[in-house]
Amino acid sequence: MVVTEELQKYCRIKTSTSDPKYKNYDGFSGHLRHLKDHQVLAIRRGVQQKLVKMTYDIDGPKMEGCMKYSLRQGNLVPTRLTRRQDLLNEGIHDAWTRLLRRRGTTRLWNEKCKEAQDRACQVFEDNLRRALLAPPRMPSTPLLSLDPGFQAGIKCAILNSNGAVIQLQTVKFLGNDRDRGSKVLADLLLATQSKGKSEEKPVLVALGNGHGSQESRILIQETSDKSNIPIDIQLVNEAGASVWSVTEAAKDEFPNEPASAVAAISLGRRLQNPLHELVKVPPRSLGLGMYQHDLSES
């Protein structure tokens, strides 16, 4: 008990790594008691992947002194050892270096990891509930869904108010293809607008928030200004869309469409009705938690 209490006061964690993914933990040092949950989970993942080296920084002589003081205060030192301080010191040193140091630090680290994991599960639960219970947009008019990309282009899908696919298109816009891509987007905006009940309302655009989102937003906004078609851009969390697009359920629903196009359809449907679409995706792939792939399912 004394060893655990003193370790909690003085134990520090030191890490080192040469992997750029964990560059924030190269030369990192922090008091074990004050580590944030995301730091604990990140270090644990790095250690498990053998990309981060973790050591415990503890003042050994101070710990041995605390142990000696506790033994004396509790009258736990045998009478015959009170006159042999050298044997007492040697026994305490052996107990600390050979047994208590490793067991104590391992126990504290495991407890810290369990606390961080429990709180991460709570964060995931709260975020998942908030995402699933988000109010559906359910527009009365069609929408244009965009799954951003660079070399592969922007995957576009026009969906009706019920989520059924009206048209699919891939827009290339890099380099010399920018003008051609802008023209294709203008045609898609016009087609979406013409399917609606009113041409005065802005065209609803569901835009994925992943890689290339900013560039796609600029392009669609430029296209809107040039074609005088007002738009209402809504960012959609695209985490897990690509995961669902390669599942058997997605292949059964869209047997003749590539996975990239299916992901664009999923983004638009997420805006229309989050609950109906998100339940199709494995929870760990929704990007709603903190290191959720490392959490125990039990």
# chains A, B, ... in the order shown; residues from 1 in each chain; ligands from 1

call {"tool": "select_by_dssp", "arguments": {"residues": "range 32-219 of chain A", "states": "strand (DSSP E or B)", "output": "list in words"}}
result
Lys53, Met54, Thr55, Tyr56, Asp57, Leu143, Leu144, Ser145, Leu146, Asp147, Ile154, Lys155, Cys156, Ala157, Ile158, Leu159, Val165, Ile166, Gln167, Leu168, Gln169, Thr170, Val171, Val203, Leu204, Val205, Ala206, Leu207 and Gly208 of chain A

call {"tool": "select_by_dssp", "arguments": {"residues": "range 37-172 of chain A", "states": "helix (DSSP H, G or I)", "output": "JSON, numbers by chain"}}
result
{"A": [37, 38, 39, 40, 41, 42, 43, 44, 45, 46, 47, 48, 60, 61, 62, 63, 64, 65, 66, 67, 68, 69, 70, 71, 72, 73, 79, 80, 81, 82, 85, 86, 87, 88, 89, 90, 91, 92, 93, 94, 95, 96, 97, 98, 99, 100, 101, 102, 103, 104, 105, 106, 107, 108, 109, 110, 111, 112, 113, 114, 115, 116, 117, 118, 119, 120, 121, 122, 123, 124, 125, 126, 127, 128, 129, 130, 131, 132]}

call {"tool": "residues_around", "arguments": {"residues": "His211 in chain A", "least_positions_apart": "4", "cutoff": "10 Å", "atoms": "only C-alpha atoms", "output": "PyMOL selection string"}}
result
chain A and resi 147-150+215-216+238

call {"tool": "closest_residue", "arguments": {"among": "A:Leu267, A:Gln122, A:Thr223, A:Asn24", "to": "Cys156 in chain A", "atoms": "only C-alpha atoms"}}
result
A:Leu267

call {"tool": "closest_residue", "arguments": {"among": "A:Ala259, A:Cys11, A:Leu51, A:Val246", "to": "Tyr25 in chain A", "atoms": "only C-alpha atoms"}}
result
A:Leu51

call {"tool": "residues_around", "arguments": {"residues": "Ile231 in chain A", "least_positions_apart": "5", "cutoff": "7 Å", "atoms": "only C-alpha atoms", "output": "MDAnalysis selection string"}}
result
chainID A and resid 202:205 224

call {"tool": "write_last_selection", "arguments": {"atoms": "N, CA and C atoms", "output": "compact mmCIF listing (two decimals), in the first residue's frame"}}
result
# COMPACT_ATOMS: atom_id res chain seq x y z
N PRO A 202 -32.07 27.13 -52.76
CA PRO A 202 -30.70 26.68 -53.04
C PRO A 202 -30.64 25.17 -53.18
N VAL A 203 -29.74 24.71 -54.03
CA VAL A 203 -29.53 23.27 -54.18
C VAL A 203 -28.77 22.77 -52.95
N LEU A 204 -29.29 21.75 -52.31
CA LEU A 204 -28.65 21.18 -51.12
C LEU A 204 -27.49 20.29 -51.55
N VAL A 205 -26.29 20.60 -51.03
CA VAL A 205 -25.08 19.84 -51.37
C VAL A 205 -24.53 19.20 -50.11
N SER A 224 -21.03 27.36 -58.60
CA SER A 224 -22.32 27.96 -58.24
C SER A 224 -22.37 29.43 -58.63

call {"tool": "residues_around", "arguments": {"residues": "Lys62 in chain A", "least_positions_apart": "4", "cutoff": "10 Å", "atoms": "only C-alpha atoms", "output": "list in words"}}
result
Glu6, Tyr10, Ile58, Cys66, Met67 and Lys68 of chain A

call {"tool": "closest_residue", "arguments": {"among": "A:Ile229, A:Leu288, A:Ala206, A:Met54", "to": "Ala264 in chain A", "atoms": "only C-alpha atoms"}}
result
A:Ala206

call {"tool": "residues_around", "arguments": {"residues": "Tyr22 in chain A", "least_positions_apart": "2", "cutoff": "12 Å", "atoms": "only C-alpha atoms", "output": "PyMOL selection string"}}
result
chain A and resi 15-20+24-28+39+42-47+49-53

call {"tool": "closest_residue", "arguments": {"among": "A:Leu278, A:Asp57, A:Cys121, A:Glu90", "to": "Asp294 in chain A", "atoms": "only C-alpha atoms"}}
result
A:Cys121

call {"tool": "residues_around", "arguments": {"residues": "Asn160 in chain A", "least_positions_apart": "3", "cutoff": "9 Å", "atoms": "only C-alpha atoms", "output": "list in words"}}
result
Pro139, Ser140, Thr141, Pro142, Leu143, Gly163, Ala164, Val165, Ile166, Thr192, Lys195 and Gly196 of chain A

call {"tool": "atom_distance", "arguments": {"atom1": "CA of Phe173 in chain A", "atom2": "CA of Ile218 in chain A"}}
result
11.4 Å

call {"tool": "closest_residue", "arguments": {"among": "A:Arg180, A:Arg217, A:Arg137, A:Lys155", "to": "Arg269 in chain A", "atoms": "only C-alpha atoms"}}
result
A:Arg137

call {"tool": "closest_residue", "arguments": {"among": "A:Leu133, A:Ile13, A:Leu87, A:Val3", "to": "Thr55 in chain A", "atoms": "only C-alpha atoms"}}
result
A:Ile13

call {"tool": "atom_distance", "arguments": {"atom1": "CA of Ala250 in chain A", "atom2": "CA of Val279 in chain A"}}
result
13.0 Å

call {"tool": "atom_distance", "arguments": {"atom1": "CA of Pro258 in chain A", "atom2": "CA of His276 in chain A"}}
result
21.6 Å
